[in-house]
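Input: a single structure, listed below in structure tokens.
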Amino acid sequence: MLRVILLAVTTDGRKDCIEQTIPSLLEHVSGIDGPRLIFDDSGDRVYRKWLRERFGPDGFKVIWHADHRLGQGQALARTWAYLGSDELDAHPWVFWAEDDFVFERGIDLAEMRDVLSCRPRLLQMALLRQPWFPGEVKAGGIVERDPDEYEKVSHGGRQWLQHRLWFTLNPNLFFRGLCAVYDRPSGRRHEWEFSRQLCEDEAVRFGIWGDGDGSAPWVKHIGETRVGTGY
């Protein structure tokens with residue numbers, strides 16, 4: 001049986017956050033039928049053991065790339081390479097989540113996948129969070145900060161926003177083949193550099209699920225600070 005959507009959760013040692021993230025994800029997100037993977041960059045064997053004991057019964061496998069903390073850029077680059085490996089060929093889609101988000105509403109990944117499947121240059125479908133950074137808070141939301149950068153799209157009763165600003169690490173669904181085709185930069189500006197690399201194709205777009213009116217985020221960011229380096 002083909003198991004289409006795998007789950008990748010990244011963590012750097014914040015037990016208090018991931019104890020909220022994973023239960024809320026399992027409660028509100030439907031459509032994950034592939035492997036459930038936790039990528040741990042804590043460098044802490046005790047934390048890693050706790051992850052296996054806490055989430056192993058829910059079907060999660062814990063993966064780490066080194067016995068010491070790498071920092072976000074390097075850890076992300078190695079996680080990306082792992083996701084692009086032949087070992088995961090049976091799972092064409094990745095639902096990505098970091099360990100500091102709480103899922104607040106029901107999310108059907110099959111609907112998001114159907115939209116992306118018909119639009120090969122729409123490279124991801126992300127879930128809107130609340131305004132977090134100062135510019136977003138001042139403007140009243142992520143979309144409100146740069147309103148002219150977004151296009152509203154609807155098809156078959158589904159609605160989303162399209163833009164060319166960035167490939168986000170907020171919770172999102174994307175085609176796993178990206179991991180095999182594109183390498184992830186590992187420096188401090190890795191998210192910006194990777195987004196600009198993708199946007200060399202003028203047809204590329206990134207999506208935000210929903211009508212984009214900013215009134216109802218799908219997820220809530222809860223991580224005040226990170227415990228690692230390079231984040």
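Each chain in the structure tokens gets a letter, A, B and so on, in the order shown; residues start at 1 in every chain, and ligands are counted from 1 in the order they appear.
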Name all residues at most 10 Å from segment 126-133 of chain A (count only C-alpha atoms; drop same-chain ones fewer than 6 positions away) and give them as an mmCIF file with all heavy atoms, in the first residue's frame.
```cif
data_model
loop_
_atom_site.group_PDB
_atom_site.id
_atom_site.type_symbol
_atom_site.label_atom_id
_atom_site.label_comp_id
_atom_site.auth_asym_id
_atom_site.auth_seq_id
_atom_site.Cartn_x
_atom_site.Cartn_y
_atom_site.Cartn_z
ATOM 1 N N PHE A 95 4.820 16.527 5.160
ATOM 2 C CA PHE A 95 4.233 17.569 5.998
ATOM 3 C C PHE A 95 5.265 17.926 7.048
ATOM 4 O O PHE A 95 5.687 17.091 7.839
ATOM 5 C CB PHE A 95 2.932 17.126 6.657
ATOM 6 C CG PHE A 95 2.281 18.239 7.440
ATOM 7 C CD1 PHE A 95 1.794 19.361 6.788
ATOM 8 C CD2 PHE A 95 2.174 18.177 8.828
ATOM 9 C CE1 PHE A 95 1.215 20.409 7.504
ATOM 10 C CE2 PHE A 95 1.587 19.212 9.543
ATOM 11 C CZ PHE A 95 1.116 20.331 8.871
ATOM 12 N N TRP A 96 5.673 19.192 7.040
ATOM 13 C CA TRP A 96 6.785 19.680 7.855
ATOM 14 C C TRP A 96 6.251 20.485 9.037
ATOM 15 O O TRP A 96 5.365 21.319 8.881
ATOM 16 C CB TRP A 96 7.670 20.570 6.981
ATOM 17 C CG TRP A 96 8.834 21.209 7.681
ATOM 18 C CD1 TRP A 96 8.829 22.349 8.418
ATOM 19 C CD2 TRP A 96 10.175 20.734 7.666
ATOM 20 N NE1 TRP A 96 10.091 22.615 8.890
ATOM 21 C CE2 TRP A 96 10.936 21.633 8.432
ATOM 22 C CE3 TRP A 96 10.816 19.634 7.076
ATOM 23 C CZ2 TRP A 96 12.307 21.484 8.632
ATOM 24 C CZ3 TRP A 96 12.180 19.472 7.277
ATOM 25 C CH2 TRP A 96 12.910 20.390 8.035
ATOM 26 N N PHE A 101 4.993 24.937 17.477
ATOM 27 C CA PHE A 101 3.692 25.347 16.950
ATOM 28 C C PHE A 101 2.595 24.490 17.569
ATOM 29 O O PHE A 101 2.782 23.290 17.788
ATOM 30 C CB PHE A 101 3.638 25.200 15.429
ATOM 31 C CG PHE A 101 4.377 26.275 14.686
ATOM 32 C CD1 PHE A 101 5.734 26.142 14.417
ATOM 33 C CD2 PHE A 101 3.723 27.431 14.281
ATOM 34 C CE1 PHE A 101 6.418 27.137 13.744
ATOM 35 C CE2 PHE A 101 4.405 28.432 13.608
ATOM 36 C CZ PHE A 101 5.759 28.291 13.344
ATOM 37 N N VAL A 102 1.455 25.114 17.818
ATOM 38 C CA VAL A 102 0.258 24.399 18.248
ATOM 39 C C VAL A 102 -0.778 24.500 17.134
ATOM 40 O O VAL A 102 -1.021 25.585 16.594
ATOM 41 C CB VAL A 102 -0.310 24.987 19.550
ATOM 42 C CG1 VAL A 102 -1.687 24.410 19.852
ATOM 43 C CG2 VAL A 102 0.641 24.719 20.713
ATOM 44 N N PHE A 103 -1.364 23.370 16.774
ATOM 45 C CA PHE A 103 -2.368 23.311 15.714
ATOM 46 C C PHE A 103 -3.736 23.532 16.344
ATOM 47 O O PHE A 103 -4.107 22.840 17.292
ATOM 48 C CB PHE A 103 -2.288 21.967 14.995
ATOM 49 C CG PHE A 103 -0.993 21.784 14.254
ATOM 50 C CD1 PHE A 103 0.170 21.462 14.930
ATOM 51 C CD2 PHE A 103 -0.942 21.976 12.885
ATOM 52 C CE1 PHE A 103 1.376 21.320 14.256
ATOM 53 C CE2 PHE A 103 0.264 21.839 12.201
ATOM 54 C CZ PHE A 103 1.422 21.510 12.890
ATOM 55 N N GLU A 104 -4.487 24.503 15.798
ATOM 56 C CA GLU A 104 -5.705 24.963 16.462
ATOM 57 C C GLU A 104 -6.989 24.633 15.724
ATOM 58 O O GLU A 104 -8.064 24.746 16.303
ATOM 59 C CB GLU A 104 -5.614 26.481 16.686
ATOM 60 C CG GLU A 104 -4.454 26.889 17.585
ATOM 61 C CD GLU A 104 -4.516 28.325 18.019
ATOM 62 O OE1 GLU A 104 -4.696 29.198 17.145
ATOM 63 O OE2 GLU A 104 -4.402 28.593 19.234
ATOM 64 N N ILE A 107 -7.332 20.362 9.805
ATOM 65 C CA ILE A 107 -6.589 20.550 8.551
ATOM 66 C C ILE A 107 -6.607 19.242 7.775
ATOM 67 O O ILE A 107 -6.196 18.201 8.302
ATOM 68 C CB ILE A 107 -5.133 20.968 8.842
ATOM 69 C CG1 ILE A 107 -5.092 22.302 9.603
ATOM 70 C CG2 ILE A 107 -4.325 21.061 7.552
ATOM 71 C CD1 ILE A 107 -3.885 22.465 10.477
ATOM 72 N N MET A 112 -4.996 19.861 0.463
ATOM 73 C CA MET A 112 -3.808 20.630 0.118
ATOM 74 C C MET A 112 -2.975 19.904 -0.934
ATOM 75 O O MET A 112 -2.487 20.504 -1.902
ATOM 76 C CB MET A 112 -2.983 20.896 1.378
ATOM 77 C CG MET A 112 -3.694 21.761 2.403
ATOM 78 S SD MET A 112 -2.888 21.783 4.022
ATOM 79 C CE MET A 112 -1.332 22.556 3.638
ATOM 80 N N ALA A 139 1.623 45.585 11.548
ATOM 81 C CA ALA A 139 0.713 45.611 10.397
ATOM 82 C C ALA A 139 -0.601 44.898 10.677
ATOM 83 O O ALA A 139 -1.584 45.105 9.963
ATOM 84 C CB ALA A 139 1.391 44.992 9.176
ATOM 85 N N GLY A 140 -0.613 44.032 11.686
ATOM 86 C CA GLY A 140 -1.825 43.290 12.004
ATOM 87 C C GLY A 140 -1.858 41.889 11.452
ATOM 88 O O GLY A 140 -2.879 41.202 11.554
ATOM 89 N N GLY A 141 -0.750 41.415 10.844
ATOM 90 C CA GLY A 141 -0.720 40.060 10.324
ATOM 91 C C GLY A 141 0.404 39.872 9.331
ATOM 92 O O GLY A 141 1.023 40.842 8.861
ATOM 93 N N ILE A 142 0.663 38.619 8.991
ATOM 94 C CA ILE A 142 1.710 38.304 8.013
ATOM 95 C C ILE A 142 1.347 38.858 6.644
ATOM 96 O O ILE A 142 2.149 39.533 5.993
ATOM 97 C CB ILE A 142 1.909 36.777 7.933
ATOM 98 C CG1 ILE A 142 2.456 36.252 9.263
ATOM 99 C CG2 ILE A 142 2.834 36.413 6.779
ATOM 100 C CD1 ILE A 142 2.554 34.745 9.326
ATOM 101 N N VAL A 143 0.141 38.580 6.198
ATOM 102 C CA VAL A 143 -0.303 39.040 4.878
ATOM 103 C C VAL A 143 -0.436 40.549 4.855
ATOM 104 O O VAL A 143 -0.070 41.208 3.874
ATOM 105 C CB VAL A 143 -1.628 38.359 4.495
ATOM 106 C CG1 VAL A 143 -2.165 38.914 3.179
ATOM 107 C CG2 VAL A 143 -1.450 36.852 4.418
ATOM 108 N N GLU A 144 -0.922 41.118 5.948
ATOM 109 C CA GLU A 144 -1.128 42.565 6.016
ATOM 110 C C GLU A 144 0.188 43.334 5.948
ATOM 111 O O GLU A 144 0.215 44.498 5.563
ATOM 112 C CB GLU A 144 -1.861 42.912 7.320
ATOM 113 C CG GLU A 144 -3.320 42.475 7.331
ATOM 114 C CD GLU A 144 -3.512 41.017 7.660
ATOM 115 O OE1 GLU A 144 -2.491 40.294 7.849
ATOM 116 O OE2 GLU A 144 -4.675 40.569 7.724
ATOM 117 N N ARG A 145 1.290 42.689 6.303
ATOM 118 C CA ARG A 145 2.588 43.362 6.244
ATOM 119 C C ARG A 145 3.004 43.661 4.804
ATOM 120 O O ARG A 145 3.610 44.699 4.524
ATOM 121 C CB ARG A 145 3.657 42.495 6.914
ATOM 122 C CG ARG A 145 5.022 43.171 7.026
ATOM 123 C CD ARG A 145 6.062 42.197 7.536
ATOM 124 N NE ARG A 145 6.235 41.070 6.616
ATOM 125 C CZ ARG A 145 7.061 40.052 6.851
ATOM 126 N NH1 ARG A 145 7.737 40.000 7.991
ATOM 127 N NH2 ARG A 145 7.167 39.071 5.981
ATOM 128 N N TRP A 160 -6.716 29.778 -1.485
ATOM 129 C CA TRP A 160 -5.369 29.943 -0.948
ATOM 130 C C TRP A 160 -4.768 31.239 -1.481
ATOM 131 O O TRP A 160 -5.305 31.863 -2.392
ATOM 132 C CB TRP A 160 -4.482 28.747 -1.282
ATOM 133 C CG TRP A 160 -4.188 28.543 -2.742
ATOM 134 C CD1 TRP A 160 -3.099 28.982 -3.436
ATOM 135 C CD2 TRP A 160 -5.005 27.838 -3.704
ATOM 136 N NE1 TRP A 160 -3.178 28.596 -4.761
ATOM 137 C CE2 TRP A 160 -4.335 27.896 -4.939
ATOM 138 C CE3 TRP A 160 -6.236 27.163 -3.631
ATOM 139 C CZ2 TRP A 160 -4.852 27.309 -6.087
ATOM 140 C CZ3 TRP A 160 -6.750 26.592 -4.778
ATOM 141 C CH2 TRP A 160 -6.062 26.649 -5.978
ATOM 142 N N LEU A 161 -3.660 31.643 -0.904
ATOM 143 C CA LEU A 161 -2.889 32.793 -1.375
ATOM 144 C C LEU A 161 -1.618 32.296 -2.025
ATOM 145 O O LEU A 161 -1.023 31.308 -1.591
ATOM 146 C CB LEU A 161 -2.527 33.718 -0.209
ATOM 147 C CG LEU A 161 -3.666 34.369 0.555
ATOM 148 C CD1 LEU A 161 -3.107 35.200 1.705
ATOM 149 C CD2 LEU A 161 -4.513 35.237 -0.357
ATOM 150 N N PHE A 167 10.124 30.452 0.862
ATOM 151 C CA PHE A 167 9.721 29.080 1.153
ATOM 152 C C PHE A 167 9.831 28.939 2.666
ATOM 153 O O PHE A 167 10.914 28.893 3.228
ATOM 154 C CB PHE A 167 10.654 28.095 0.448
ATOM 155 C CG PHE A 167 10.256 26.644 0.576
ATOM 156 C CD1 PHE A 167 9.562 26.013 -0.444
ATOM 157 C CD2 PHE A 167 10.602 25.906 1.701
ATOM 158 C CE1 PHE A 167 9.205 24.659 -0.334
ATOM 159 C CE2 PHE A 167 10.253 24.567 1.825
ATOM 160 C CZ PHE A 167 9.558 23.949 0.808
ATOM 161 N N THR A 168 8.694 28.899 3.350
ATOM 162 C CA THR A 168 8.684 29.001 4.801
ATOM 163 C C THR A 168 8.965 27.665 5.478
ATOM 164 O O THR A 168 8.690 26.597 4.920
ATOM 165 C CB THR A 168 7.335 29.564 5.284
ATOM 166 O OG1 THR A 168 7.386 29.754 6.699
ATOM 167 C CG2 THR A 168 6.196 28.601 4.954
ATOM 168 N N LEU A 169 9.479 27.752 6.717
ATOM 169 C CA LEU A 169 9.637 26.580 7.572
ATOM 170 C C LEU A 169 8.492 26.452 8.574
ATOM 171 O O LEU A 169 8.497 25.551 9.399
ATOM 172 C CB LEU A 169 10.975 26.644 8.318
ATOM 173 C CG LEU A 169 12.212 26.559 7.436
ATOM 174 C CD1 LEU A 169 13.471 26.720 8.281
ATOM 175 C CD2 LEU A 169 12.256 25.251 6.660
ATOM 176 N N ASN A 170 7.515 27.364 8.497
ATOM 177 C CA ASN A 170 6.290 27.182 9.278
ATOM 178 C C ASN A 170 5.597 25.905 8.779
ATOM 179 O O ASN A 170 5.901 25.424 7.680
ATOM 180 C CB ASN A 170 5.370 28.381 9.109
ATOM 181 C CG ASN A 170 5.892 29.642 9.784
ATOM 182 O OD1 ASN A 170 5.302 30.702 9.648
ATOM 183 N ND2 ASN A 170 7.003 29.546 10.499
ATOM 184 N N PRO A 171 4.694 25.324 9.532
ATOM 185 C CA PRO A 171 4.058 24.079 9.093
ATOM 186 C C PRO A 171 3.548 24.168 7.657
ATOM 187 O O PRO A 171 2.840 25.110 7.291
ATOM 188 C CB PRO A 171 2.904 23.918 10.091
ATOM 189 C CG PRO A 171 3.438 24.541 11.345
ATOM 190 C CD PRO A 171 4.211 25.743 10.864
ATOM 191 N N ASN A 172 3.937 23.189 6.842
ATOM 192 C CA ASN A 172 3.584 23.228 5.426
ATOM 193 C C ASN A 172 3.690 21.856 4.800
ATOM 194 O O ASN A 172 4.363 20.963 5.316
ATOM 195 C CB ASN A 172 4.481 24.225 4.692
ATOM 196 C CG ASN A 172 5.885 23.692 4.433
ATOM 197 O OD1 ASN A 172 6.167 23.141 3.375
ATOM 198 N ND2 ASN A 172 6.778 23.834 5.420
ATOM 199 N N LEU A 173 3.017 21.717 3.667
ATOM 200 C CA LEU A 173 3.072 20.504 2.860
ATOM 201 C C LEU A 173 3.840 20.802 1.590
ATOM 202 O O LEU A 173 3.618 21.844 0.953
ATOM 203 C CB LEU A 173 1.656 20.036 2.514
ATOM 204 C CG LEU A 173 1.538 18.738 1.706
ATOM 205 C CD1 LEU A 173 1.927 17.530 2.558
ATOM 206 C CD2 LEU A 173 0.112 18.561 1.171
ATOM 207 N N PHE A 174 4.759 19.893 1.207
ATOM 208 C CA PHE A 174 5.502 20.086 -0.041
ATOM 209 C C PHE A 174 5.844 18.727 -0.655
ATOM 210 O O PHE A 174 5.805 17.691 0.009
ATOM 211 C CB PHE A 174 6.766 20.933 0.170
ATOM 212 C CG PHE A 174 7.813 20.313 1.061
ATOM 213 C CD1 PHE A 174 8.794 19.482 0.542
ATOM 214 C CD2 PHE A 174 7.832 20.596 2.421
ATOM 215 C CE1 PHE A 174 9.768 18.926 1.357
ATOM 216 C CE2 PHE A 174 8.801 20.047 3.252
ATOM 217 C CZ PHE A 174 9.771 19.206 2.719
ATOM 218 N N PHE A 206 4.640 30.166 -3.927
ATOM 219 C CA PHE A 206 4.452 29.512 -2.635
ATOM 220 C C PHE A 206 3.044 29.828 -2.148
ATOM 221 O O PHE A 206 2.521 30.911 -2.420
ATOM 222 C CB PHE A 206 5.483 30.015 -1.618
ATOM 223 C CG PHE A 206 6.891 30.018 -2.157
ATOM 224 C CD1 PHE A 206 7.599 31.204 -2.266
ATOM 225 C CD2 PHE A 206 7.497 28.842 -2.550
ATOM 226 C CE1 PHE A 206 8.893 31.219 -2.763
ATOM 227 C CE2 PHE A 206 8.792 28.841 -3.058
ATOM 228 C CZ PHE A 206 9.495 30.033 -3.160
ATOM 229 N N GLY A 207 2.429 28.896 -1.433
ATOM 230 C CA GLY A 207 1.032 29.062 -1.056
ATOM 231 C C GLY A 207 0.817 29.169 0.443
ATOM 232 O O GLY A 207 1.597 28.660 1.236
ATOM 233 N N ILE A 208 -0.263 29.858 0.807
ATOM 234 C CA ILE A 208 -0.767 29.893 2.175
ATOM 235 C C ILE A 208 -2.225 29.454 2.110
ATOM 236 O O ILE A 208 -3.034 30.062 1.416
ATOM 237 C CB ILE A 208 -0.652 31.299 2.796
ATOM 238 C CG1 ILE A 208 0.820 31.717 2.897
ATOM 239 C CG2 ILE A 208 -1.316 31.325 4.169
ATOM 240 C CD1 ILE A 208 1.007 33.114 3.475
ATOM 241 N N TRP A 209 -2.554 28.421 2.848
ATOM 242 C CA TRP A 209 -3.868 27.786 2.767
ATOM 243 C C TRP A 209 -4.947 28.678 3.367
ATOM 244 O O TRP A 209 -4.754 29.304 4.404
ATOM 245 C CB TRP A 209 -3.820 26.465 3.501
ATOM 246 C CG TRP A 209 -4.974 25.530 3.309
ATOM 247 C CD1 TRP A 209 -5.777 25.015 4.279
ATOM 248 C CD2 TRP A 209 -5.422 24.946 2.083
ATOM 249 N NE1 TRP A 209 -6.697 24.146 3.733
ATOM 250 C CE2 TRP A 209 -6.503 24.095 2.384
ATOM 251 C CE3 TRP A 209 -5.016 25.071 0.745
ATOM 252 C CZ2 TRP A 209 -7.184 23.359 1.403
ATOM 253 C CZ3 TRP A 209 -5.682 24.344 -0.226
ATOM 254 C CH2 TRP A 209 -6.750 23.508 0.097
ATOM 255 N N GLY A 210 -6.092 28.737 2.705
ATOM 256 C CA GLY A 210 -7.225 29.502 3.212
ATOM 257 C C GLY A 210 -7.423 30.789 2.443
ATOM 258 O O GLY A 210 -6.715 31.089 1.478
ATOM 259 N N GLY A 212 -7.015 33.851 3.425
ATOM 260 C CA GLY A 212 -6.039 34.890 3.666
ATOM 261 C C GLY A 212 -6.568 36.166 4.256
ATOM 262 O O GLY A 212 -5.902 37.203 4.200
ATOM 263 N N GLY A 214 -6.755 36.785 7.276
ATOM 264 C CA GLY A 214 -5.998 37.040 8.484
ATOM 265 C C GLY A 214 -6.776 36.857 9.773
ATOM 266 O O GLY A 214 -6.227 37.070 10.854
ATOM 267 N N SER A 215 -8.029 36.454 9.695
ATOM 268 C CA SER A 215 -8.853 36.399 10.894
ATOM 269 C C SER A 215 -8.696 35.096 11.664
ATOM 270 O O SER A 215 -8.998 35.049 12.854
ATOM 271 C CB SER A 215 -10.327 36.591 10.527
ATOM 272 O OG SER A 215 -10.760 35.549 9.654
ATOM 273 N N ALA A 216 -8.233 34.049 11.028
ATOM 274 C CA ALA A 216 -8.223 32.752 11.694
ATOM 275 C C ALA A 216 -6.980 31.947 11.305
ATOM 276 O O ALA A 216 -7.037 31.104 10.414
ATOM 277 C CB ALA A 216 -9.487 31.971 11.347
ATOM 278 N N PRO A 217 -5.851 32.178 11.960
ATOM 279 C CA PRO A 217 -4.668 31.344 11.706
ATOM 280 C C PRO A 217 -4.960 29.875 12.008
ATOM 281 O O PRO A 217 -5.809 29.551 12.844
ATOM 282 C CB PRO A 217 -3.630 31.913 12.684
ATOM 283 C CG PRO A 217 -4.067 33.316 12.955
ATOM 284 C CD PRO A 217 -5.571 33.257 12.928
ATOM 285 N N TRP A 218 -4.249 29.011 11.322
ATOM 286 C CA TRP A 218 -4.402 27.576 11.539
ATOM 287 C C TRP A 218 -3.542 27.105 12.712
ATOM 288 O O TRP A 218 -3.876 26.112 13.370
ATOM 289 C CB TRP A 218 -3.980 26.805 10.287
ATOM 290 C CG TRP A 218 -4.780 27.120 9.072
ATOM 291 C CD1 TRP A 218 -4.485 28.047 8.105
ATOM 292 C CD2 TRP A 218 -6.016 26.515 8.674
ATOM 293 N NE1 TRP A 218 -5.457 28.045 7.136
ATOM 294 C CE2 TRP A 218 -6.404 27.114 7.449
ATOM 295 C CE3 TRP A 218 -6.820 25.516 9.223
ATOM 296 C CZ2 TRP A 218 -7.569 26.753 6.782
ATOM 297 C CZ3 TRP A 218 -7.981 25.156 8.551
ATOM 298 C CH2 TRP A 218 -8.339 25.776 7.342
ATOM 299 N N VAL A 219 -2.412 27.787 12.926
ATOM 300 C CA VAL A 219 -1.465 27.366 13.949
ATOM 301 C C VAL A 219 -1.043 28.562 14.790
ATOM 302 O O VAL A 219 -1.138 29.722 14.354
ATOM 303 C CB VAL A 219 -0.213 26.702 13.326
ATOM 304 C CG1 VAL A 219 -0.579 25.411 12.615
ATOM 305 C CG2 VAL A 219 0.495 27.657 12.362
ATOM 306 N N LYS A 220 -0.552 28.256 15.989
ATOM 307 C CA LYS A 220 -0.058 29.290 16.892
ATOM 308 C C LYS A 220 1.401 29.010 17.208
ATOM 309 O O LYS A 220 1.767 27.907 17.622
ATOM 310 C CB LYS A 220 -0.877 29.312 18.188
ATOM 311 C CG LYS A 220 -0.435 30.377 19.184
ATOM 312 C CD LYS A 220 -1.297 30.323 20.439
ATOM 313 C CE LYS A 220 -0.869 31.374 21.449
ATOM 314 N NZ LYS A 220 -1.705 31.307 22.685
ATOM 315 N N HIS A 221 2.250 30.029 17.008
ATOM 316 C CA HIS A 221 3.662 29.905 17.343
ATOM 317 C C HIS A 221 3.827 30.113 18.847
ATOM 318 O O HIS A 221 3.353 31.108 19.394
ATOM 319 C CB HIS A 221 4.465 30.959 16.571
ATOM 320 C CG HIS A 221 5.938 30.841 16.729
ATOM 321 N ND1 HIS A 221 6.756 31.915 16.959
ATOM 322 C CD2 HIS A 221 6.737 29.756 16.700
ATOM 323 C CE1 HIS A 221 8.005 31.507 17.056
ATOM 324 N NE2 HIS A 221 8.018 30.202 16.911
ATOM 325 N N ILE A 222 4.506 29.175 19.519
ATOM 326 C CA ILE A 222 4.609 29.236 20.977
ATOM 327 C C ILE A 222 6.046 29.336 21.470
ATOM 328 O O ILE A 222 6.271 29.479 22.660
ATOM 329 C CB ILE A 222 3.945 28.013 21.635
ATOM 330 C CG1 ILE A 222 4.603 26.713 21.147
ATOM 331 C CG2 ILE A 222 2.438 28.015 21.359
ATOM 332 C CD1 ILE A 222 4.121 25.476 21.904
ATOM 333 N N GLU A 224 9.172 30.968 22.504
ATOM 334 C CA GLU A 224 9.730 32.290 22.803
ATOM 335 C C GLU A 224 11.186 32.357 22.392
ATOM 336 O O GLU A 224 11.636 33.309 21.762
ATOM 337 C CB GLU A 224 9.603 32.581 24.303
ATOM 338 C CG GLU A 224 8.165 32.793 24.759
ATOM 339 C CD GLU A 224 7.568 34.067 24.209
ATOM 340 O OE1 GLU A 224 8.323 34.963 23.810
ATOM 341 O OE2 GLU A 224 6.326 34.161 24.174
#
```
Q: Would you please give, as number ranges by chain, all residues of chain A that DSSP assigns to strand (DSSP E) based on the backbone?
A: A: 5-11, 29-30, 36-40, 60-63, 93-98, 101-103, 107-108, 122-126, 151-155, 158-163, 172-175, 205-209, 219-221
Q. Quick one: of A:Glu136, A:Glu27, A:Asp41, A:Arg121, who's nearest to Glu200 of chain A, counting only C-alpha atoms?
A.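 Once distances to Glu200 of chain A are computed over only C-alpha atoms, the minimum belongs to A:Arg121.
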Q | For Val4 of chain A: contacts at 6 Å, only C-alpha atoms, fewer than 5 positions along chain excluded, given as a list in words | A |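 My list of contacting residues is Gly34, His91 and Pro92 of chain A.
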Q) Which polymer residues have any atom within 12 Å of an atom of Gly73 of chain A, counting only C-alpha atoms, with same-chain residues fewer than 5 positions away left out, as a PyMOL selection string? A) chain A and resi 41+78-80+169+183-194+228-231
Closest contacts (segment 61-141 of chain A/segment 44-56 of chain A, max 9 Å, only C-alpha atoms) as a Markdown table:
```
| residue | atom | partner | partner_atom | distance |
| --- | --- | --- | --- | --- |
| A:Lys61 | CA | A:Gly56 | CA | 6.4 |
| A:Val62 | CA | A:Arg52 | CA | 6.3 |
| A:Ile63 | CA | A:Arg48 | CA | 8.9 |
| A:Trp64 | CA | A:Arg48 | CA | 8.6 |
| A:Asp67 | CA | A:Asp44 | CA | 7.6 |
| A:His68 | CA | A:Asp44 | CA | 7.5 |
| A:Arg69 | CA | A:Asp44 | CA | 8.1 |
```
Keeping only all heavy atoms, write the selected residues to a file as a short mmCIF file (atom, residue, chain, number, x, y, z; two decimals), in the first residue's frame.
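Okay, this is what ended up in selection_0.cif:
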```
data_model
loop_
_atom_site.label_atom_id
_atom_site.label_comp_id
_atom_site.auth_asym_id
_atom_site.auth_seq_id
_atom_site.Cartn_x
_atom_site.Cartn_y
_atom_site.Cartn_z
N LYS A 61 9.53 7.74 14.87
CA LYS A 61 10.93 7.33 14.86
C LYS A 61 11.78 8.57 15.08
O LYS A 61 11.55 9.60 14.45
CB LYS A 61 11.29 6.68 13.53
CG LYS A 61 12.76 6.29 13.38
CD LYS A 61 13.02 5.69 12.00
CE LYS A 61 14.49 5.33 11.83
NZ LYS A 61 14.76 4.78 10.47
N VAL A 62 12.77 8.48 15.99
CA VAL A 62 13.63 9.62 16.29
C VAL A 62 14.94 9.48 15.52
O VAL A 62 15.60 8.43 15.57
CB VAL A 62 13.92 9.73 17.80
CG1 VAL A 62 14.82 10.92 18.09
CG2 VAL A 62 12.61 9.85 18.57
N ILE A 63 15.32 10.54 14.80
CA ILE A 63 16.52 10.54 13.96
C ILE A 63 17.41 11.70 14.40
O ILE A 63 16.93 12.79 14.69
CB ILE A 63 16.14 10.70 12.48
CG1 ILE A 63 15.28 9.51 12.02
CG2 ILE A 63 17.37 10.84 11.59
CD1 ILE A 63 14.63 9.71 10.67
N TRP A 64 18.71 11.48 14.47
CA TRP A 64 19.66 12.56 14.75
C TRP A 64 20.85 12.41 13.82
O TRP A 64 21.20 11.32 13.38
CB TRP A 64 20.08 12.54 16.21
CG TRP A 64 20.82 11.32 16.67
CD1 TRP A 64 22.17 11.17 16.81
CD2 TRP A 64 20.23 10.07 17.05
NE1 TRP A 64 22.47 9.91 17.26
CE2 TRP A 64 21.31 9.22 17.41
CE3 TRP A 64 18.93 9.57 17.14
CZ2 TRP A 64 21.11 7.90 17.84
CZ3 TRP A 64 18.72 8.27 17.55
CH2 TRP A 64 19.80 7.45 17.90
N ASP A 67 26.07 13.56 17.36
CA ASP A 67 25.93 13.46 18.80
C ASP A 67 26.06 14.80 19.50
O ASP A 67 25.93 14.90 20.72
CB ASP A 67 26.97 12.48 19.37
CG ASP A 67 26.66 11.04 18.99
OD1 ASP A 67 25.46 10.71 18.83
OD2 ASP A 67 27.61 10.25 18.84
N HIS A 68 26.32 15.85 18.74
CA HIS A 68 26.39 17.20 19.27
C HIS A 68 25.40 18.07 18.50
O HIS A 68 24.92 17.71 17.44
CB HIS A 68 27.80 17.78 19.13
CG HIS A 68 28.26 17.86 17.71
ND1 HIS A 68 28.75 16.75 17.02
CD2 HIS A 68 28.29 18.88 16.81
CE1 HIS A 68 29.07 17.10 15.78
NE2 HIS A 68 28.79 18.39 15.63
N ARG A 69 25.08 19.22 19.06
CA ARG A 69 24.15 20.13 18.40
C ARG A 69 24.81 20.75 17.17
O ARG A 69 25.95 21.24 17.23
CB ARG A 69 23.74 21.24 19.38
CG ARG A 69 22.62 22.11 18.87
CD ARG A 69 22.42 23.31 19.79
NE ARG A 69 22.19 22.91 21.18
CZ ARG A 69 21.01 22.51 21.65
NH1 ARG A 69 19.97 22.42 20.84
NH2 ARG A 69 20.89 22.16 22.92
#
```
(Q) With only C-alpha atoms as the counted atoms, please give the residues lying no more than 7 Å from Thr21 of chain A, apart from itself and same-chain residues fewer than 3 positions off, as a PyMOL selection string. (A) chain A and resi 17-18+24-25+99-102
Q. From the set A:Pro23, A:Pro147, A:Pro120, A:Pro35, which residue has the shortest atom-to-atom contact distance to Arg205 of chain A, counting only C-alpha atoms?
A. A:Pro120
(Q) List the spatial neighbours of Glu111 of chain A as a ChimeraX atom specification - criterion: any atom at most 12 Å away, only C-alpha atoms, same-chain residues fewer than 4 positions off excluded. (A) /A:29-31,106-107,115-118,125,155-160,173,209-210
Q. With distances taken over only C-alpha atoms, which of A:Ser195, A:Ser42, A:Gln20, A:Gln162 is nearest to Ala75 of chain A?
A.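 Checking each candidate against Ala75 of chain A, we get A:Ser42 as the closest.
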**Q.** Closest of A:Leu178, A:Ile32, A:Ala110, A:Ala203 to Ser85 of chain A - atom-to-atom distances counting only C-alpha atoms
**A.**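 Closest to Ser85 of chain A of all the choices is A:Leu178.
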(Q) To one decimal place in Å, what is the distance between atom CA of Leu109 of chain A and atom CA of Phe175 of chain A? (A)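 Computed distance, atom CA of Leu109 of chain A to atom CA of Phe175 of chain A, equals 12.3 Å.
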Q: Go through segment 152-206 of chain A and collect every residue that DSSP, computed from the backbone, puts in alpha helix (DSSP H); the answer should be as a PyMOL selection string.
A: chain A and resi 177-181+190-198
